Amino acid sequence: MGRAEGYSSISWLIFGGAVVYGSYRLGHGTLAHPGPGFLPFWSGVILCGLSSLVFVQGKLSQQAGGGGPLGQLWAGLKWPKPIYVLMALFSYAFTFTHLGFLLSTTLLLIFLFKAIEPEKWLRAISGAVLASVISYVFFGVWLQVQLPRGFLEGLFF
Amino acid sequence: MKNRFFLALLLTIVLVVGSTILARADYPERPITLIVNYSAGGGTDMCARAVAKRAEKILGQPIIVVNKPGAGGTIGVGAVAAAKPDGYTIGVLTYTPLAIAPHVYDVPYNPLKDFEYIMGYAKYLYGTSVRSDSPFKTLKDLVQYAEANPGKIKYGVQGLSIPNHFAMVYLSKMAGIKIEPVVFKNTMEEVAACLGGHIDVTNQDPPAVVPHIQAGKLRLLASFSDIRWKWVPDVPTVKEMGYNFYVESWAGLGAPKGVPKPILDKLRDAFRKSADSEEFLEIIDRIRLIAEYRTPEQFKNLVQVGYKENEAMVLELGLHKSQKK
Amino acid sequence: MDLLGNIAYGFSVALTPANLLFCLLGVFIGTLIGVLPGIGPVGAMSLLLPTTFYISPVSAIIMLSGIYYGCMYGGSTTSILVNIPGEAASVVTCLDGYQMARQGRAGPALGIAAFGSFIGGTISLVGLMLVAPPLAEAALKFGPPEYFALMVLGMTTLIYLASGSIPKALMMAVVGIILGSVGIDATSGAQRFTFGILELNDGIGIVPLVMGLFGISEVLLNVEQSFKRDIFKTRLKGLLPSRQDWKESAKPITRGSILGFFLGILPGGGALISSFVSYAMEKRVSKHPEKFGQGAIEGVAGPETANNSATGGAFIPLLTLGIPANVVMAVLLGALMIYGMQPGPLLMRNHPDLFWGVVTSMYIGNGMLLVLNLPLIGLWVQVLKIPYRILFPLILVFCLIGVYSINYSVTDVLIMIICGILGYLMRKFKYEAAPLVLAYILGPMLEMALRQSLAISNGSFAIFLTRPIAGTGIVLAILLVLSPLLPWMRRRRLALGEER
């Protein structure tokens, strides 16, 4: 845990520093007339202060024998899985409007059904198509949400 | 054998090309999307839906309204500019995104070049009001007080780059007074603050203040538009009072640049007829806008004039994007 | 104006078959929308707005209002079941409600949420009927300095949201403030941290933020585990709240109703803030605060009651003064205008059928919702039995579509995913999301109120102390912050005394 505190607090420290820099450029104003950078600036400063505190706390507990390496946070877990899911989600977001709702949702579901805990192909594909169509009817037709049609637009609808 | 093959190929080509040509001749052959740049349920949205309903019947295809709100109306306008110019995507074009916003920050469109205009259909009015128990009975009272007490009058606005604020700046310049803006997140909080006595003056438009004026809680001091408010006809415009300015804003419909003329003409015709419809005029009246039809040319002119006029004001207020760090 | 007569009149309007039908339709749609993550009442109401032209205005408002408070009922469902706030205001229910579900107590959680919502809604309606006009006038007295004091008070409750390390919770609060400042700063017109992305001009967006931080991160965390172990304890311990649950929930429900009602009246206040404050309050007065975050039923009962009570309160400024207290009310305002009904101080007088009809139909609606939701608990609990490997892709898809449908913006979807990553990392490294969310909401409001107050006072800070309400608020906040120190000081003194 000690190591983990170290890494995380340093990340926040860097983030805080960036915020301080950015807010400074925005304009601090005075105490009587705070500018746009006022609040973020001081928030960033406090963040840096607190991150340092947590960092020190982490170091102390590390010396006291608590905590292990960073990898312990993921011990025994299938850590590639969330990464796969994220990759799928990002791809979905980027191709959603081009491929259209039905196609991209079906593909996403097939991937998710298969890649995380393998489902048989037939069940994955049929499940994906079924779920996509039902969602389309539900969201696109009943709730009248305008779901993108993608490049199939001119062809079918 | 070969001949037959080529004959079949030729026939297919002719059929496909022919059908697409025939298809195009029949615009519209599928639903049209109308992008509204504000949230559903708001005044702009309701107007657009009303005019679309009539136009649907004339064009013979459903018009589907899609709301793309955000960034002061610029996101929706940007979506129109970026759409395919095939006549199947049109959208609402309003004042601030076209005439003011491009000076304040970078927008993904050129307000003067990226649009074909279909029509202008409504005008928004502006004015300034105080509480009915305020000591200021006329605009003159307010100005006199402000001259004697610079910096004491506080007026509310819901943003700095909007006509309401610009109007107050024009007024303060022409009257030679110093008044202070207090910025609120949105109209409702600002009106509430005025009613509660926390600020002295409110600059909201008719939909927000007329109910309170009619209930006796607020008093309109002046109209900032070029005409008097028809719901409060006794109150003069600032022009009538000797301050030579007015602000206005408008709403209209447009399409991305490049839509073929025959399609554009069809759209213009259909919407022009809808702008006359009873239902549409009724709604416009209810939400307290002024229905004013403007031809595509007139609307284009409005955009250009507005764009130019606001550049100076934005620069002066220090809000121009070139003045930012 | 005889109250009973008005109520009777109202019921005569509300109990017509047509209005009953519309009420039912409204609450039904509202519940559905509430359950679906992403789409909120505003979206649903606006979709139905055009179709309401064909029915009478009173019926239309009855239906639209039904959607609003129906949403508040439904929003807690997904919060409890899958840690996804169906409605931004249901975020707090995720904290303990989801933990209860994981312990096999989804039924009682859903049940207490439903009952609490009913009680909260009803009490707020009573308040609405009895004290609406004077209360609304009093609410107007809340100007920027008062809001500032209120926000400061709200911020002090932040500490109580944290179950773990205080410095880390404070860090998250500060991060929340920073995230809240993304966007165009209205007071100065400056673009803060938008990096030229137009969609960020309005800020990050509370819905993508919480859906990512809570919902997506939960999925990511669960996906890491082996699915052989059940994510949810399948052996359910009863479907309805037990007597013990009721005993523990009674006071939180009472407190939540009152708190929610008053916070809902204030323009800009609302369900979200009241649910957070209720949670913090319950934890503060609880005899076993360490149970919060592990499935304490008070953490569901209080906030759920509060957010439904706030919906009733939110109607007050609209119906009595014509000022909408939040965006949903603004849609109703627009609707009233379109129907030709003047929203404003004269509404009650000119259209008593509207006012009393809508208020009484809200009673009926609350009752309908209770009846609708209780049997559904059995159904929802079945959802948890779906194998997680099939459930989680569906959850993800619903989140993706839900978020997209708010603004038709892919940027929102991306924000949600990124917040999902953030939430995942935060959970791994033991940083809590709740303080971040509260600070995200309160931070910008606090800042704006501060700058407005200073603009009014020409830079003088005295304004906060010279105005009675604001002054009281600030003093209260200081006391609240100092109060944990009192027992500490007493212990020090005792210890010193012993040493001698």
# chains A, B, ... in the order shown; residues from 1 in each chain; ligands from 1
>>> interface_residues(of="chain A", to="chain C", cutoff="6 Å", atoms="only C-alpha atoms", output="VMD selection string")
chain A and resid 32 40 43 47 77 to 79 81 to 82 112
>>> write_last_selection(atoms="C-alpha atoms", output="PDB file, in the first residue's frame")
ATOM      1  CA  ALA A  32     -11.972  41.682  -3.801  1.00  0.00           C
ATOM      2  CA  PRO A  40      -8.575  26.797  -9.638  1.00  0.00           C
ATOM      3  CA  SER A  43      -7.472  24.529  -5.435  1.00  0.00           C
ATOM      4  CA  LEU A  47      -4.092  19.737  -3.996  1.00  0.00           C
ATOM      5  CA  LEU A  77      -6.825 -10.343 -10.933  1.00  0.00           C
ATOM      6  CA  LYS A  78      -7.300 -10.530 -14.644  1.00  0.00           C
ATOM      7  CA  TRP A  79      -6.004  -7.084 -15.291  1.00  0.00           C
ATOM      8  CA  LYS A  81      -9.758  -7.507 -19.055  1.00  0.00           C
ATOM      9  CA  PRO A  82     -10.593  -3.922 -18.122  1.00  0.00           C
ATOM     10  CA  LEU A 112     -17.735  -8.085 -24.999  1.00  0.00           C
TER      11      LEU A 112
END
>>> interface_residues(of="chain A", to="chain B", cutoff="9 Å", atoms="only C-alpha atoms", output="PyMOL selection string")
chain A and resi 25-26+145-146+157
>>> interface_residues(of="chain B", to="chain C", cutoff="8 Å", atoms="only C-alpha atoms", output="CSV table (one decimal) with C-alpha atoms, in the first residue's frame")
chain,number,residue,atom,x,y,z
B,40,ALA,CA,-35.9,20.9,-26.1
B,41,GLY,CA,-38.8,22.6,-24.4
B,42,GLY,CA,-37.3,26.1,-24.7
B,43,GLY,CA,-38.6,29.0,-26.7
B,49,ARG,CA,-41.1,22.6,-34.0
B,67,ASN,CA,-31.7,19.0,-30.2
B,68,LYS,CA,-28.0,19.7,-30.1
B,69,PRO,CA,-27.7,22.2,-27.3
B,70,GLY,CA,-24.6,23.6,-25.8
B,71,ALA,CA,-22.0,26.3,-25.9
B,75,ILE,CA,-22.8,23.4,-31.2
B,106,ASP,CA,-13.2,29.7,-32.0
B,107,VAL,CA,-16.2,28.1,-33.6
B,154,LYS,CA,-26.0,46.9,-9.9
B,158,GLN,CA,-26.7,36.0,-17.5
B,159,GLY,CA,-23.4,36.3,-19.3
B,160,LEU,CA,-21.2,39.0,-20.8
B,161,SER,CA,-21.3,38.2,-24.5
B,180,GLU,CA,-21.9,47.5,-12.5
B,181,PRO,CA,-22.8,44.2,-13.9
B,182,VAL,CA,-23.5,41.1,-11.8
B,183,VAL,CA,-23.3,37.9,-13.8
B,184,PHE,CA,-25.6,35.0,-13.1
B,185,LYS,CA,-25.6,31.6,-14.5
B,188,MET,CA,-34.1,32.4,-13.7
B,189,GLU,CA,-31.5,33.1,-11.0
B,191,VAL,CA,-34.8,37.5,-12.2
B,192,ALA,CA,-35.1,35.9,-8.7
B,193,ALA,CA,-32.2,38.0,-7.5
B,195,LEU,CA,-37.3,40.3,-7.3
B,196,GLY,CA,-35.5,39.5,-4.0
B,197,GLY,CA,-33.9,42.9,-4.0
B,198,HIS,CA,-30.3,41.8,-4.3
B,199,ILE,CA,-29.7,43.6,-7.5
B,211,PRO,CA,-45.5,37.9,-16.3
B,212,HIS,CA,-44.0,39.8,-13.4
B,215,ALA,CA,-48.4,40.9,-11.8
B,283,ILE,CA,-46.9,30.0,-30.4
B,286,ARG,CA,-47.3,32.9,-26.5
B,287,ILE,CA,-43.6,32.7,-25.9
B,319,LEU,CA,-13.8,39.7,-24.6
B,324,LYS,CA,-7.2,36.3,-24.4
>>> select_by_dssp(residues="region 133-287 of chain B", states="helix (DSSP H, G or I)", output="number ranges by chain")
B: 139-148, 163-175, 187-195, 206-214, 261-274, 278-286
>>> select_by_dssp(residues="region 33-245 of chain B", states="strand (DSSP E or B)", output="PyMOL selection string")
chain B and resi 33-36+63-67+89-94+115-124+127-131+154-157+180-183+201-202+218-223+237
>>> residues_around(residues="region 130-138 of chain A", least_positions_apart="4", cutoff="8 Å", atoms="only C-alpha atoms", output="PDB file with N, CA and C atoms, in the first residue's frame")
ATOM      1  N   PHE A 101     -25.797   2.948 -35.446  1.00  0.00           N
ATOM      2  CA  PHE A 101     -26.072   2.344 -34.146  1.00  0.00           C
ATOM      3  C   PHE A 101     -26.109   0.828 -34.194  1.00  0.00           C
ATOM      4  N   LEU A 102     -26.923   0.292 -35.062  1.00  0.00           N
ATOM      5  CA  LEU A 102     -27.136  -1.156 -35.051  1.00  0.00           C
ATOM      6  C   LEU A 102     -25.840  -1.922 -35.235  1.00  0.00           C
ATOM      7  N   THR A 105     -23.208  -1.315 -32.272  1.00  0.00           N
ATOM      8  CA  THR A 105     -23.624  -1.946 -31.017  1.00  0.00           C
ATOM      9  C   THR A 105     -23.497  -3.453 -31.103  1.00  0.00           C
ATOM     10  N   THR A 106     -23.900  -4.009 -32.244  1.00  0.00           N
ATOM     11  CA  THR A 106     -23.772  -5.453 -32.411  1.00  0.00           C
ATOM     12  C   THR A 106     -22.318  -5.883 -32.284  1.00  0.00           C
ATOM     13  N   SER A 126     -25.916 -14.117 -31.827  1.00  0.00           N
ATOM     14  CA  SER A 126     -27.371 -13.971 -31.763  1.00  0.00           C
ATOM     15  C   SER A 126     -27.762 -13.070 -30.608  1.00  0.00           C
ATOM     16  N   TRP A 142     -39.322   3.947 -29.556  1.00  0.00           N
ATOM     17  CA  TRP A 142     -40.231   4.367 -28.490  1.00  0.00           C
ATOM     18  C   TRP A 142     -39.839   5.707 -27.896  1.00  0.00           C
ATOM     19  N   LEU A 143     -38.577   5.846 -27.569  1.00  0.00           N
ATOM     20  CA  LEU A 143     -38.146   7.080 -26.918  1.00  0.00           C
ATOM     21  C   LEU A 143     -37.734   8.136 -27.926  1.00  0.00           C
TER      22      LEU A 143
ATOM     23  N   LEU C 394     -24.557  -5.522 -21.408  1.00  0.00           N
ATOM     24  CA  LEU C 394     -25.815  -4.794 -21.552  1.00  0.00           C
ATOM     25  C   LEU C 394     -25.781  -3.500 -20.753  1.00  0.00           C
TER      26      LEU C 394
END
>>> residues_around(residues="region 275-281 of chain C", least_positions_apart="4", cutoff="10 Å", atoms="only C-alpha atoms", output="JSON, numbers by chain")
{"C": [89, 90, 91, 92, 93, 95, 96, 153, 154, 155, 156, 157, 158, 159, 160, 161, 162, 252, 253, 255, 256, 257, 258, 259, 260, 263, 270, 271, 285, 286, 289, 292, 298, 299, 300, 301, 302, 303, 304, 305, 306, 307, 308, 309, 310, 434, 435, 437, 438]}
>>> residues_around(residues="Tyr307 (chain B)", least_positions_apart="6", cutoff="9 Å", atoms="only C-alpha atoms", output="MDAnalysis selection string")
chainID B and resid 98:100 102:103 111:112
>>> write_last_selection(atoms="C-alpha atoms", output="PDB file, in the first residue's frame")
ATOM      1  CA  LEU B  98     -23.575  33.828 -35.624  1.00  0.00           C
ATOM      2  CA  ALA B  99     -22.980  37.420 -34.706  1.00  0.00           C
ATOM      3  CA  ILE B 100     -21.256  37.377 -31.338  1.00  0.00           C
ATOM      4  CA  PRO B 102     -17.295  33.832 -33.383  1.00  0.00           C
ATOM      5  CA  HIS B 103     -15.544  36.909 -31.990  1.00  0.00           C
ATOM      6  CA  PRO B 111     -20.846  32.574 -39.977  1.00  0.00           C
ATOM      7  CA  LEU B 112     -20.593  34.514 -43.178  1.00  0.00           C
TER       8      LEU B 112
END
>>> atom_distance(atom1="CA of Phe28 (chain C)", atom2="CA of Ile297 (chain C)")
26.0 Å
